[in-house]
file final.csv (CSV, C-alpha atoms)
chain,number,residue,atom,x,y,z
A,171,MET,CA,94.9,117.8,69.9
A,172,LYS,CA,93.1,115.8,67.3
A,173,LEU,CA,92.0,113.6,70.2
A,174,TYR,CA,89.8,116.4,71.5
A,175,ASN,CA,87.2,117.0,68.7
A,176,THR,CA,89.3,119.7,67.0
A,177,THR,CA,88.1,121.7,64.1
A,178,GLY,CA,89.9,124.1,61.7
A,179,ASP,CA,93.0,123.8,59.5
A,180,ASP,CA,96.4,122.5,60.5
A,181,ARG,CA,97.6,125.9,61.6
A,182,ASN,CA,94.6,126.9,63.7
A,183,TYR,CA,93.0,124.0,65.5
A,184,GLN,CA,89.9,124.8,67.6
A,185,VAL,CA,89.7,122.5,70.7
A,186,ASP,CA,86.3,121.5,72.0
A,187,TYR,CA,86.5,122.5,75.6
A,188,ALA,CA,84.0,119.9,76.9
A,189,ALA,CA,85.9,117.1,75.2
A,190,TRP,CA,89.2,118.4,76.5
A,191,VAL,CA,87.9,118.6,80.1
A,192,GLN,CA,86.5,115.1,79.8
A,193,SER,CA,89.9,113.8,78.6
A,194,LEU,CA,91.5,115.0,81.8
A,195,LYS,CA,89.3,112.9,84.0
A,196,MET,CA,90.7,109.7,85.6
A,197,PRO,CA,88.2,106.9,85.4
A,198,LEU,CA,87.1,105.1,88.5
A,199,THR,CA,88.9,101.7,89.0
A,200,GLY,CA,89.3,98.9,91.5
A,201,ARG,CA,87.6,99.3,94.9
A,202,ARG,CA,86.5,102.9,94.1
A,203,LEU,CA,84.6,101.8,91.0
A,204,LEU,CA,83.0,98.9,92.9
A,205,ILE,CA,81.7,101.0,95.8
A,206,VAL,CA,80.2,103.6,93.4
A,207,GLN,CA,78.6,100.8,91.4
A,208,GLU,CA,77.2,99.4,94.6
A,209,ALA,CA,75.7,102.8,95.5
A,210,TRP,CA,74.2,103.2,92.0
A,211,ALA,CA,72.7,99.7,92.2
A,212,LYS,CA,71.0,100.5,95.5
A,213,LEU,CA,69.5,103.7,94.1
A,214,ASN,CA,68.6,102.2,90.8
A,215,SER,CA,66.8,99.0,91.8
A,216,GLU,CA,64.7,99.1,88.7
A,217,LYS,CA,67.9,99.0,86.6
A,218,SER,CA,66.9,102.0,84.4
A,219,ASP,CA,69.2,104.6,82.8
A,220,SER,CA,68.4,107.2,85.4
A,221,ILE,CA,67.0,107.8,88.9
A,222,SER,CA,64.9,110.7,90.3
A,223,VAL,CA,66.3,113.2,92.7
A,224,GLY,CA,63.5,112.1,95.1
A,225,GLN,CA,65.0,108.5,95.0
A,226,ALA,CA,68.5,109.9,95.8
A,227,ARG,CA,67.2,112.2,98.5
A,228,ALA,CA,65.5,109.2,100.3
A,229,SER,CA,68.9,107.4,100.5
A,230,PHE,CA,71.3,110.2,101.1
A,231,GLY,CA,73.1,110.0,104.4
A,232,PHE,CA,73.8,113.7,105.2
A,233,GLU,CA,71.8,116.8,105.6
A,234,VAL,CA,73.5,118.7,102.8
A,235,PHE,CA,71.6,117.1,100.0
A,236,PRO,CA,70.8,120.4,98.2
A,237,LYS,CA,74.6,120.9,98.0
A,238,TRP,CA,75.0,117.5,96.4
A,239,CYS,CA,72.4,118.4,93.8
A,240,GLU,CA,74.3,121.6,93.1
A,241,MET,CA,77.6,119.9,92.7
A,242,ILE,CA,76.3,117.1,90.5
A,243,GLY,CA,74.4,119.7,88.4
A,244,VAL,CA,70.7,118.9,88.9
A,245,GLU,CA,67.8,120.8,90.3
A,246,ASP,CA,66.8,120.0,93.9
A,247,LYS,CA,63.4,118.8,92.8
A,248,ASP,CA,62.1,115.3,93.4
A,249,ASP,CA,61.0,114.9,89.7
A,250,ALA,CA,64.4,115.9,88.4
A,251,THR,CA,66.6,113.1,87.2
A,252,VAL,CA,70.2,111.9,87.5
A,253,SER,CA,71.7,109.7,84.8
A,254,CYS,CA,74.2,106.9,85.5
A,255,GLN,CA,76.8,108.8,83.5
A,256,GLN,CA,76.3,111.9,85.6
A,257,PHE,CA,76.6,109.9,88.8
A,258,MET,CA,79.8,108.1,87.7
A,259,ASP,CA,81.4,111.3,86.3
A,260,PHE,CA,80.6,113.1,89.6
A,261,TYR,CA,82.3,110.5,91.7
A,262,ALA,CA,85.2,110.3,89.2
A,263,ASP,CA,85.7,114.0,89.9
A,264,VAL,CA,85.5,113.5,93.6
A,265,SER,CA,87.9,110.6,93.4
A,266,MET,CA,90.6,112.8,91.8
A,267,ALA,CA,90.5,115.1,94.8
A,268,VAL,CA,90.7,112.2,97.4
A,269,PHE,CA,94.0,110.5,97.5
A,270,ASP,CA,93.3,107.8,100.0
A,271,ASP,CA,91.2,104.8,98.9
A,272,GLY,CA,89.7,104.2,102.3
A,273,GLN,CA,88.7,107.9,102.7
A,274,PHE,CA,86.9,107.8,99.3
A,275,ILE,CA,85.2,104.5,100.0
A,276,ASN,CA,84.0,105.8,103.4
A,277,LEU,CA,82.6,108.9,101.8
A,278,VAL,CA,80.6,107.0,99.3
A,279,SER,CA,79.5,104.4,101.9
A,280,ASP,CA,78.4,107.0,104.3
A,281,SER,CA,76.6,109.1,101.7
A,282,TRP,CA,74.5,106.2,100.4
A,283,LYS,CA,74.5,103.7,103.3
A,284,VAL,CA,76.2,101.0,101.3
A,285,SER,CA,79.0,98.7,102.4
A,286,GLU,CA,82.1,97.4,100.7
A,287,ALA,CA,82.5,93.6,100.3
A,288,ALA,CA,84.7,92.4,103.1
A,289,HIS,CA,87.2,90.5,100.9
A,290,LEU,CA,88.0,93.7,99.1
A,291,LYS,CA,89.5,95.1,102.2
A,292,VAL,CA,92.2,92.4,102.2
A,293,SER,CA,95.5,93.9,100.9
A,294,ALA,CA,97.6,92.2,98.3
A,295,ALA,CA,100.5,92.0,100.8
A,296,ASP,CA,98.2,90.2,103.3
A,297,LEU,CA,97.0,87.8,100.6
A,298,GLN,CA,100.6,87.0,99.6
A,299,GLN,CA,101.4,86.3,103.2
A,300,LEU,CA,98.5,83.9,103.5
A,301,VAL,CA,99.6,82.0,100.4
A,302,ALA,CA,103.2,81.8,101.7
A,303,THR,CA,102.0,80.5,105.0
A,304,PHE,CA,99.8,77.9,103.3
A,305,ARG,CA,102.6,76.7,101.1
A,306,GLN,CA,104.9,76.5,104.0
A,307,SER,CA,102.4,74.2,105.8
A,308,LEU,CA,102.1,72.1,102.7
A,309,LEU,CA,105.9,71.8,102.4
A,310,LYS,CA,106.2,70.6,106.0
A,311,ARG,CA,103.9,67.7,105.1
A,312,SER,CA,105.6,66.8,101.8
A,313,SER,CA,108.4,64.3,101.2
A,314,LYS,CA,110.6,63.2,98.4
A,315,ALA,CA,107.8,60.9,97.2
A,316,HIS,CA,105.0,63.3,97.7
A,317,ASN,CA,105.6,67.0,96.9
A,318,GLU,CA,103.4,69.9,98.0
A,319,GLU,CA,101.1,69.7,95.1
A,320,PHE,CA,100.4,66.0,95.9
A,321,VAL,CA,99.7,67.0,99.5
A,322,LEU,CA,97.3,69.7,98.4
A,323,ARG,CA,95.4,67.4,96.0
A,324,GLU,CA,95.0,64.9,98.8
A,325,LEU,CA,93.6,67.6,101.1
A,326,PHE,CA,91.1,68.5,98.5
A,327,ARG,CA,90.0,64.8,98.0
A,328,ASN,CA,89.4,64.5,101.7
A,329,PHE,CA,86.9,67.3,101.7
A,330,GLU,CA,85.3,67.3,98.3
A,331,ARG,CA,81.9,65.6,98.2
A,332,GLN,CA,80.5,66.5,94.8
A,333,ASN,CA,83.3,65.1,92.7
A,334,ASN,CA,83.1,68.1,90.3
A,335,GLY,CA,86.6,69.5,90.8
A,336,VAL,CA,85.2,72.8,92.2
A,337,LEU,CA,86.7,74.5,95.2
A,338,THR,CA,84.2,76.3,97.5
A,339,LEU,CA,84.6,78.5,100.5
A,340,ASP,CA,83.7,75.7,102.9
A,341,ILE,CA,86.2,73.3,101.3
A,342,LEU,CA,89.0,75.9,101.4
A,343,ARG,CA,88.3,76.7,105.0
A,344,ALA,CA,88.5,73.0,105.9
A,345,MET,CA,91.7,72.4,104.0
A,346,LEU,CA,93.4,75.4,105.6
A,347,GLU,CA,92.3,74.3,109.1
A,348,LYS,CA,93.6,70.8,108.4
A,349,VAL,CA,97.1,72.2,108.0
A,350,ASP,CA,96.7,74.5,111.0
A,351,VAL,CA,96.1,77.8,109.1
A,352,THR,CA,93.0,79.6,110.4
A,353,VAL,CA,91.8,82.9,109.0
A,354,SER,CA,88.5,84.8,108.7
A,355,ASP,CA,86.2,84.4,105.7
A,356,GLU,CA,87.1,87.7,104.1
A,357,TYR,CA,90.7,86.3,103.5
A,358,LEU,CA,89.3,83.0,102.1
A,359,GLU,CA,87.0,85.0,99.8
A,360,ALA,CA,89.9,87.2,98.6
A,361,LEU,CA,92.0,84.1,98.0
A,362,LEU,CA,89.2,82.5,95.9
A,363,GLN,CA,88.7,85.7,93.9
A,364,GLN,CA,92.4,86.0,93.2
A,365,ALA,CA,92.7,82.3,92.1
A,366,ASP,CA,89.6,82.6,89.8
A,367,LEU,CA,91.5,82.7,86.5
A,368,SER,CA,88.4,82.3,84.5
A,369,GLY,CA,86.9,85.5,85.9
A,370,ASN,CA,83.7,84.0,87.1
A,371,ALA,CA,83.8,86.1,90.3
A,372,ASN,CA,81.1,83.9,91.9
A,373,GLY,CA,83.0,82.6,94.9
A,374,ILE,CA,83.8,79.2,93.2
A,375,VAL,CA,86.9,78.2,91.4
A,376,GLU,CA,88.1,75.2,89.6
A,377,PHE,CA,90.6,73.3,91.9
A,378,ASP,CA,93.1,73.2,89.1
A,379,GLU,CA,93.0,77.0,88.9
A,380,PHE,CA,93.8,77.0,92.7
A,381,ILE,CA,96.7,74.6,92.2
A,382,HIS,CA,98.1,76.9,89.5
A,383,TYR,CA,97.8,80.1,91.7
A,384,VAL,CA,99.1,78.6,94.9
A,385,ILE,CA,101.8,76.3,93.7
A,386,GLN,CA,102.6,76.2,90.0
A,387,ASP,CA,102.5,80.0,89.5
A,388,ARG,CA,105.2,80.3,92.2
A,389,TYR,CA,107.7,78.5,90.0
A,390,THR,CA,106.8,80.4,86.8
A,391,LYS,CA,109.3,83.1,85.9
A,392,LYS,CA,107.6,86.3,85.3
A,393,GLN,CA,108.2,87.9,81.9
A,394,CYS,CA,109.0,91.6,81.6

call {"tool": "encode", "arguments": {"input": "final.csv", "output": "structure tokens"}}
result
Amino acid sequence: MKLYNTTGDDRNYQVDYAAWVQSLKMPLTGRRLLIVQEAWAKLNSEKSDSISVGQARASFGFEVFPKWCEMIGVEDKDDATVSCQQFMDFYADVSMAVFDDGQFINLVSDSWKVSEAAHLKVSAADLQQLVATFRQSLLKRSSKAHNEEFVLRELFRNFERQNNGVLTLDILRAMLEKVDVTVSDEYLEALLQQADLSGNANGIVEFDEFIHYVIQDRYTKKQC
């Protein structure tokens, strides 16, 4: 109970109700967090700590905006304000009541007319299948003298023009097509994001990072 702003002696703790309720909330994570952040960024183009109800009204996708104001706890007046914390807390509450990721994302997308980045729709299982297919194609082109990593490095040398060791979307697409693996760009973007060990999240990864993710990491025993 000491986690909830308690007061009183050891035998008669008084729990702060607001702190207790806040502690029960599950924070937004993953795709859910990203789509809510996308909605807030659209509403808050000036990057301030709050937006006006008028700004929210102009972007809301349904006719029940007064109900939204009531649920988030603000007056239905254009000069009233909504803070970022209020916005995030509201959708964290909504998230707890919506089990399916897709349903939650569609709700936020339709409410604020925003779209989820295409590569986020690629499942972990689909991404693993793509990596497995790519590796199988590399293995078919390998030999005793030239293993799959050698084949992959040669592929990269054939398409890299800047000599900076950076793997881009265009280079990755060309490499995959060269070994007869053709997929849409959202899969390529998801693969680059997953291989970006440095966390740059800018669509560009170091080729050595890609080597580690696609090949070397497959031989690394996972530790419990």

call {"tool": "closest_residue", "arguments": {"input": "final.csv", "among": "A:Glu356, A:Ile275, A:Ala287, A:Val375", "to": "A:Asn334", "atoms": "all atoms listed in the file"}}
result
A:Val375

call {"tool": "residues_near_point", "arguments": {"input": "final.csv", "point": "(82.2, 115.1, 89.6)", "cutoff": "12 Å", "atoms": "only C-alpha atoms", "output": "CSV table (one decimal) with C-alpha atoms, in the frame of the given file"}}
result
chain,number,residue,atom,x,y,z
A,191,VAL,CA,87.9,118.6,80.1
A,192,GLN,CA,86.5,115.1,79.8
A,195,LYS,CA,89.3,112.9,84.0
A,196,MET,CA,90.7,109.7,85.6
A,197,PRO,CA,88.2,106.9,85.4
A,198,LEU,CA,87.1,105.1,88.5
A,238,TRP,CA,75.0,117.5,96.4
A,239,CYS,CA,72.4,118.4,93.8
A,240,GLU,CA,74.3,121.6,93.1
A,241,MET,CA,77.6,119.9,92.7
A,242,ILE,CA,76.3,117.1,90.5
A,243,GLY,CA,74.4,119.7,88.4
A,255,GLN,CA,76.8,108.8,83.5
A,256,GLN,CA,76.3,111.9,85.6
A,257,PHE,CA,76.6,109.9,88.8
A,258,MET,CA,79.8,108.1,87.7
A,259,ASP,CA,81.4,111.3,86.3
A,260,PHE,CA,80.6,113.1,89.6
A,261,TYR,CA,82.3,110.5,91.7
A,262,ALA,CA,85.2,110.3,89.2
A,263,ASP,CA,85.7,114.0,89.9
A,264,VAL,CA,85.5,113.5,93.6
A,265,SER,CA,87.9,110.6,93.4
A,266,MET,CA,90.6,112.8,91.8
A,267,ALA,CA,90.5,115.1,94.8
A,268,VAL,CA,90.7,112.2,97.4

call {"tool": "atom_distance", "arguments": {"input": "final.csv", "atom1": "atom CA of A:His289", "atom2": "atom CA of A:Ser307"}}
result
22.8 Å

call {"tool": "closest_residue", "arguments": {"input": "final.csv", "among": "A:Asp219, A:Glu359, A:Glu233, A:Glu208", "to": "A:Val284", "atoms": "only C-alpha atoms"}}
result
A:Glu208

call {"tool": "closest_residue", "arguments": {"input": "final.csv", "among": "A:Asp355, A:Glu379, A:Asp350, A:Glu319", "to": "A:Leu337", "atoms": "only C-alpha atoms"}}
result
A:Glu379

call {"tool": "closest_residue", "arguments": {"input": "final.csv", "among": "A:Ala209, A:Val349, A:Ala365, A:Leu297", "to": "A:Leu277", "atoms": "all atoms listed in the file"}}
result
A:Ala209

call {"tool": "closest_residue", "arguments": {"input": "final.csv", "among": "A:Leu358, A:Val278, A:Ala250, A:Met345", "to": "A:Gly231", "atoms": "all atoms listed in the file"}}
result
A:Val278

call {"tool": "closest_residue", "arguments": {"input": "final.csv", "among": "A:Cys254, A:Ala211, A:Val351, A:Val244", "to": "A:Gln299", "atoms": "all atoms listed in the file"}}
result
A:Val351

call {"tool": "residues_near_point", "arguments": {"input": "final.csv", "point": "(70.0, 105.2, 84.1)", "cutoff": "8 Å", "atoms": "only C-alpha atoms", "output": "ChimeraX atom specification"}}
result
/A:214,217-221,252-255

call {"tool": "residues_around", "arguments": {"input": "final.csv", "residues": "A:Glu245", "least_positions_apart": "6", "cutoff": "9 Å", "atoms": "all atoms listed in the file", "output": "short mmCIF file (atom, residue, chain, number, x, y, z; two decimals) with C-alpha atoms, keeping the file's coordinate frame"}}
result
data_model
loop_
_atom_site.label_atom_id
_atom_site.label_comp_id
_atom_site.auth_asym_id
_atom_site.auth_seq_id
_atom_site.Cartn_x
_atom_site.Cartn_y
_atom_site.Cartn_z
CA VAL A 223 66.30 113.20 92.70
CA PRO A 236 70.80 120.40 98.20
CA CYS A 239 72.40 118.40 93.80
CA THR A 251 66.60 113.10 87.20
#
